[in-house]
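Trainee: My structure is below; once you've seen it, I'll send some questions.
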Amino acid sequence: QTKTGIALLYDEVSENAYDIRLKLTKEVLTIQKQDVVCVSGSDHSANHRTVTLRRQPVGGLGLSIKGGAEHKVPVVISKIFKDQAAEQTGMLFVGDAIIQVNGINVESATHEEVVHLLRNAGDEVTVTVQYLREAPSFLKLPLGSPGPSSDHSSGTSSPLFDSGLHLNGNSTNTAPSSPSSPIANEPKYEKRWLDTLSVPLSMARISRYKTGTDKLRSNAFEVLALDGVSTGILQFYTAQESADWLRAMSTNISDLTLQNMKMANKCCSPSDQVIHMGWVNERLEGSDSSQLYKFKFLALKGSSFYIFSTPPVSTLDWVRAEKIYNLCEVLFKIHKLWLADDCWLQANLYLGIHQDFDLEDQRPYCFSVMVGHGKSHYFNVELGSELAVWEKSFQRAIFLEVQRTGSKTYMCSWQGDTLCFTVDFALGFTCFDSKTKNVLWRFKFSQLKGSSDDGKTRVKLLFRNLDTKQIETKELEFQDLTAVLHCIHSFIAAKVASVDPVFIDSQSIARKYMYSN
């Protein structure tokens, strides 16, 4: 199904916006601009057209103009009146920039100078025009039908008023009639939407923010293709239109990503499948109050969580990731999502780990992934639905990895002894001597009643002895304490999910709020 609609293309340098038409298919977003094309007769270029107008006693030249050098835009035809001189030529269109009047170049002329020339040019006026494909939106030119006649423009609503070159001329809603006396072999022109840029949506990304900042564009966003080609800033007339297009494009990108995942998974073993992948923004570490963000491509595949600067296209690309982490040793945490009543929801989805983030940035839909040695990555996505998918995907990928792995063993020490600490999906926790392999203690997951740590290397685990009903404290020291705590969390969560999947789903903050709104 193809979605089409009118939008504006915003130029950040000139701060002008141009009328465009968007055409969205499953795989491609096409940007179209209006142009005048020669459809029959002479095949000479439609870039410049020279037209002779005969001034009529009633109606004059039958057109209005806007613009001028004082506004840093060309003088353009802003209205054409039905059954009058300009319309009868069949060769002039709203949006045509006037290049010459009776051989005099007016490209650098002011509005008044062009009005004066046209009004005093005699009964026969020869104008050379070129269609202005990127007419700034402040000219308020109507988009109109392919025909030359149009009347939706209102001079009073524009910063640039129409100057009418007609007498008693009335604009009309009626479709344009054919020229009253067409001449044989005379070229015929039409205004049409022409494709100017096609952006493939496979692995494309969307940004609603001004580059590198937290400043959200109002009713606007940019689409960037895998090869870096950008649509430019697409601006919409209403927040609803912007949201509809954003959702439609995101859906198509997600569908294509799913196809890419299925293709990649055909080449991978069952234990090395891609669970989810997609673009996010990562907040750069150590950045100042401007809080710079950079696009990153994340993937959950097999036993690992990958961070890429560009998406993996071939099998070889997977080893070129910027970072690769074991899924058992990471912790997913939602920070923010945007509710229907525009308030923030701060959610902490972790057990017994105390790590505060600076949450002063203004982006909704934020999550972090905590990794080993107390480090973390802080990400943001464009839509609440994407946040919900990442939450569910991390959960699923971690649970699958826990069940595949079965157990993880870490070297640790206490009071000079080198020990091994094992987290086992079936057995729970076991501590044994690394040399003799003698088991020192063993507890089920359900016996763990609490924990505390020094934030560096030491942890106290509090277990309930089933025989004595007393709490036993076990102290251990690890080289990478964070990874071990994350692993404990992953195994316990996977265990709970295997026993009571409904409970795990009920803990989903993002899904609960996004889908209820």
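Please note that chains go A, B, ... in the order of the structure tokens, that every chain numbers its residues from 1, and that ligands are numbered from 1 in the order shown.
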Just want the 10 Å neighbourhood of Cys420 of chain A, counted on only C-alpha atoms, with same-chain residues fewer than 2 positions away dropped. Output as a PyMOL selection string.

Mentor: chain A and resi 409-413+417-418+422+430-435+437+439-440+476

Trainee: If you run DSSP on this backbone, which residues of segment 257-483 of chain A come out as helix (DSSP H, G or I), and could you give them as an NGL selection string?

Mentor: :A and (257-266 or 270-272 or 315-320 or 327-329 or 372-374 or 384-405 or 445-447 or 481-483)

Trainee: Deliver the residues from the most recent selection as a file, using N, CA and C atoms, as a compact mmCIF listing (two decimals), in the first residue's frame.

Mentor:
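So the final result, stored in result-v2.txt, reads:
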```txt
# COMPACT_ATOMS: atom_id res chain seq x y z
N THR A 257 13.54 -4.50 8.54
CA THR A 257 14.55 -5.02 9.47
C THR A 257 14.24 -6.47 9.82
N LEU A 258 12.95 -6.75 10.02
CA LEU A 258 12.51 -8.13 10.31
C LEU A 258 12.87 -9.06 9.16
N GLN A 259 12.67 -8.59 7.93
CA GLN A 259 13.06 -9.38 6.75
C GLN A 259 14.56 -9.65 6.74
N ASN A 260 15.35 -8.59 7.03
CA ASN A 260 16.81 -8.74 7.07
C ASN A 260 17.24 -9.74 8.15
N MET A 261 16.54 -9.69 9.29
CA MET A 261 16.85 -10.64 10.38
C MET A 261 16.58 -12.07 9.94
N LYS A 262 15.44 -12.27 9.27
CA LYS A 262 15.09 -13.63 8.81
C LYS A 262 16.14 -14.14 7.82
N MET A 263 16.60 -13.26 6.93
CA MET A 263 17.64 -13.65 5.96
C MET A 263 18.93 -14.02 6.69
N ALA A 264 19.32 -13.17 7.66
CA ALA A 264 20.56 -13.42 8.41
C ALA A 264 20.46 -14.72 9.20
N ASN A 265 19.28 -15.00 9.76
CA ASN A 265 19.10 -16.19 10.59
C ASN A 265 19.14 -17.50 9.81
N LYS A 266 18.91 -17.41 8.50
CA LYS A 266 19.02 -18.61 7.65
C LYS A 266 20.45 -19.13 7.62
N PRO A 270 20.85 -22.45 15.25
CA PRO A 270 19.73 -22.12 16.14
C PRO A 270 20.17 -21.39 17.42
N SER A 271 21.41 -21.62 17.85
CA SER A 271 21.88 -20.97 19.09
C SER A 271 22.49 -19.60 18.82
N ASP A 272 22.51 -19.18 17.54
CA ASP A 272 23.15 -17.91 17.20
C ASP A 272 22.22 -17.01 16.38
N THR A 315 28.22 -11.42 6.86
CA THR A 315 28.58 -12.27 8.02
C THR A 315 29.85 -11.76 8.69
N LEU A 316 30.79 -11.26 7.87
CA LEU A 316 32.07 -10.78 8.42
C LEU A 316 31.90 -9.55 9.29
N ASP A 317 30.85 -8.77 9.03
CA ASP A 317 30.67 -7.51 9.77
C ASP A 317 30.43 -7.73 11.26
N TRP A 318 29.96 -8.92 11.65
CA TRP A 318 29.62 -9.14 13.06
C TRP A 318 30.84 -9.07 13.97
N VAL A 319 32.02 -9.37 13.44
CA VAL A 319 33.23 -9.30 14.29
C VAL A 319 33.78 -7.88 14.35
N ARG A 320 33.18 -6.96 13.58
CA ARG A 320 33.66 -5.58 13.52
C ARG A 320 32.86 -4.64 14.42
N LEU A 327 25.28 -11.58 27.00
CA LEU A 327 23.93 -11.20 27.41
C LEU A 327 23.62 -11.53 28.87
N CYS A 328 24.26 -12.54 29.43
CA CYS A 328 24.01 -12.88 30.84
C CYS A 328 24.54 -11.79 31.77
N GLU A 329 25.49 -10.99 31.27
CA GLU A 329 26.18 -10.03 32.13
C GLU A 329 25.79 -8.58 31.86
N GLY A 372 29.70 -4.73 32.37
CA GLY A 372 30.69 -5.04 33.40
C GLY A 372 31.49 -3.84 33.88
N HIS A 373 32.17 -4.03 35.03
CA HIS A 373 33.06 -3.02 35.64
C HIS A 373 32.33 -1.70 35.91
N GLY A 374 31.02 -1.78 36.17
CA GLY A 374 30.25 -0.59 36.55
C GLY A 374 29.96 0.37 35.42
N GLY A 384 7.71 5.32 21.47
CA GLY A 384 7.45 4.48 22.64
C GLY A 384 7.30 3.01 22.27
N SER A 385 6.74 2.75 21.08
CA SER A 385 6.59 1.36 20.63
C SER A 385 7.96 0.69 20.45
N GLU A 386 8.96 1.47 20.01
CA GLU A 386 10.31 0.92 19.86
C GLU A 386 10.91 0.56 21.22
N LEU A 387 10.63 1.42 22.21
CA LEU A 387 11.13 1.16 23.57
C LEU A 387 10.56 -0.16 24.10
N ALA A 388 9.26 -0.37 23.84
CA ALA A 388 8.61 -1.60 24.29
C ALA A 388 9.22 -2.83 23.62
N VAL A 389 9.54 -2.70 22.32
CA VAL A 389 10.14 -3.82 21.59
C VAL A 389 11.54 -4.13 22.13
N TRP A 390 12.32 -3.08 22.40
CA TRP A 390 13.68 -3.32 22.95
C TRP A 390 13.59 -3.99 24.33
N GLU A 391 12.64 -3.54 25.16
CA GLU A 391 12.49 -4.13 26.49
C GLU A 391 12.19 -5.63 26.37
N LYS A 392 11.22 -5.97 25.54
CA LYS A 392 10.82 -7.37 25.37
C LYS A 392 11.96 -8.19 24.74
N SER A 393 12.67 -7.59 23.78
CA SER A 393 13.73 -8.31 23.07
C SER A 393 14.92 -8.61 23.98
N PHE A 394 15.31 -7.63 24.81
CA PHE A 394 16.40 -7.87 25.76
C PHE A 394 16.01 -8.99 26.71
N GLN A 395 14.80 -8.92 27.21
CA GLN A 395 14.30 -9.93 28.14
C GLN A 395 14.38 -11.33 27.51
N ARG A 396 13.85 -11.43 26.28
CA ARG A 396 13.83 -12.73 25.59
C ARG A 396 15.24 -13.24 25.29
N ALA A 397 16.11 -12.32 24.79
CA ALA A 397 17.48 -12.72 24.44
C ALA A 397 18.25 -13.21 25.67
N ILE A 398 18.07 -12.50 26.79
CA ILE A 398 18.77 -12.88 28.03
C ILE A 398 18.24 -14.23 28.54
N PHE A 399 16.91 -14.40 28.54
CA PHE A 399 16.33 -15.67 29.02
C PHE A 399 16.80 -16.84 28.17
N LEU A 400 16.82 -16.66 26.86
CA LEU A 400 17.29 -17.74 25.96
C LEU A 400 18.75 -18.09 26.24
N GLU A 401 19.57 -17.05 26.45
CA GLU A 401 20.99 -17.28 26.71
C GLU A 401 21.21 -18.00 28.04
N VAL A 402 20.45 -17.62 29.06
CA VAL A 402 20.55 -18.30 30.37
C VAL A 402 20.21 -19.79 30.22
N GLN A 403 19.11 -20.07 29.51
CA GLN A 403 18.69 -21.47 29.34
C GLN A 403 19.69 -22.26 28.51
N ARG A 404 20.29 -21.60 27.50
CA ARG A 404 21.30 -22.28 26.66
C ARG A 404 22.56 -22.56 27.45
N THR A 405 23.00 -21.54 28.22
CA THR A 405 24.26 -21.65 28.95
C THR A 405 24.14 -22.62 30.11
N PHE A 445 17.91 -20.64 44.40
CA PHE A 445 17.60 -19.23 44.12
C PHE A 445 16.60 -18.68 45.14
N SER A 446 15.63 -19.50 45.51
CA SER A 446 14.59 -19.04 46.44
C SER A 446 15.13 -18.73 47.83
N GLN A 447 16.35 -19.21 48.13
CA GLN A 447 16.93 -18.97 49.46
C GLN A 447 17.66 -17.63 49.56
N LEU A 481 32.74 -7.34 39.78
CA LEU A 481 31.56 -7.58 40.59
C LEU A 481 30.26 -7.29 39.83
N THR A 482 30.26 -6.21 39.03
CA THR A 482 29.05 -5.83 38.30
C THR A 482 28.56 -6.96 37.40
N ALA A 483 29.49 -7.57 36.65
CA ALA A 483 29.12 -8.66 35.74
C ALA A 483 28.47 -9.81 36.51
```

Trainee: Just checking: using only C-alpha atoms, which residue out of A:Phe491, A:Phe478, A:Ile253, A:Val459 ends up closest to Lys408 of chain A?

Mentor: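 That would be A:Phe491, the residue with the smallest distance to Lys408 of chain A.
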
Trainee: From the set A:Leu216, A:Val13, A:Leu461, A:Leu300, which residue has the shortest atom-to-atom contact distance to Glu477 of chain A, counting only C-alpha atoms?

Mentor: A:Leu461

Trainee: Check segment 238-436 of chain A with DSSP on the backbone and list each residue it calls strand (DSSP E), as a VMD selection string.

Mentor: chain A and resid 274 to 283 293 to 301 304 to 308 323 to 326 331 to 338 344 to 346 366 to 370 376 to 380 407 to 414 417 to 424 428 to 433

Trainee: Looking at only C-alpha atoms, which of A:Cys487, A:Leu448, A:Leu24, A:Val115 is the one that sits closest to Thr251 of chain A?

Mentor: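 The shortest atom-to-atom distance to Thr251 of chain A comes from A:Leu24.
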
Trainee: What does the distance from atom CA of Leu117 of chain A to atom CA of Asp83 of chain A come to in Å, to one decimal?

Mentor: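 Calculated distance between atom CA of Leu117 of chain A and atom CA of Asp83 of chain A is 23.2 Å.
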
Trainee: Work out how far apart atom CA of Gly302 of chain A and atom CA of Leu419 of chain A are and give it in Å to one decimal.

Mentor: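 We find that atom CA of Gly302 of chain A and atom CA of Leu419 of chain A lie 29.2 Å from each other.
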
Trainee: Would you list the contacts of Lys72 of chain A as a list in words, taking every protein, DNA or RNA residue within 12 Å and counting only C-alpha atoms, but skipping same-chain residues closer than 2 positions in sequence?

Mentor: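 Final neighbour list, sorted by chain and number: Ser14, Asn16, Lys66, Gly67, Gly68, Ala69, Glu70, Pro74, Val75, Glu107, Ser108, Ala109, Thr110, His111, Ala135, Pro136, Phe138, Leu139 and Leu160 of chain A.
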
Trainee: Using only C-alpha atoms, what does the table of segment 190-230 of chain A residues within 12 Å of segment 307-312 of chain A look like, with each row giving the shortest atom pair and its distance in Å to one decimal, sorted by chain and ascending number, as JSON lines?

Mentor:
```
{"residue": "A:Ser202", "atom": "CA", "partner": "A:Pro311", "partner_atom": "CA", "distance": 10.5}
{"residue": "A:Met203", "atom": "CA", "partner": "A:Pro311", "partner_atom": "CA", "distance": 7.3}
{"residue": "A:Ala204", "atom": "CA", "partner": "A:Pro311", "partner_atom": "CA", "distance": 9.8}
{"residue": "A:Arg205", "atom": "CA", "partner": "A:Pro311", "partner_atom": "CA", "distance": 10.8}
{"residue": "A:Ala225", "atom": "CA", "partner": "A:Thr310", "partner_atom": "CA", "distance": 11.2}
{"residue": "A:Leu226", "atom": "CA", "partner": "A:Pro311", "partner_atom": "CA", "distance": 8.0}
{"residue": "A:Asp227", "atom": "CA", "partner": "A:Thr310", "partner_atom": "CA", "distance": 9.5}
{"residue": "A:Gly228", "atom": "CA", "partner": "A:Thr310", "partner_atom": "CA", "distance": 10.2}
```

Trainee: In Å, with one decimal, what is the gap from atom CA of Gly428 of chain A to atom CA of Ile324 of chain A?

Mentor: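 Answer for the atom CA of Gly428 of chain A to atom CA of Ile324 of chain A separation: 26.7 Å.
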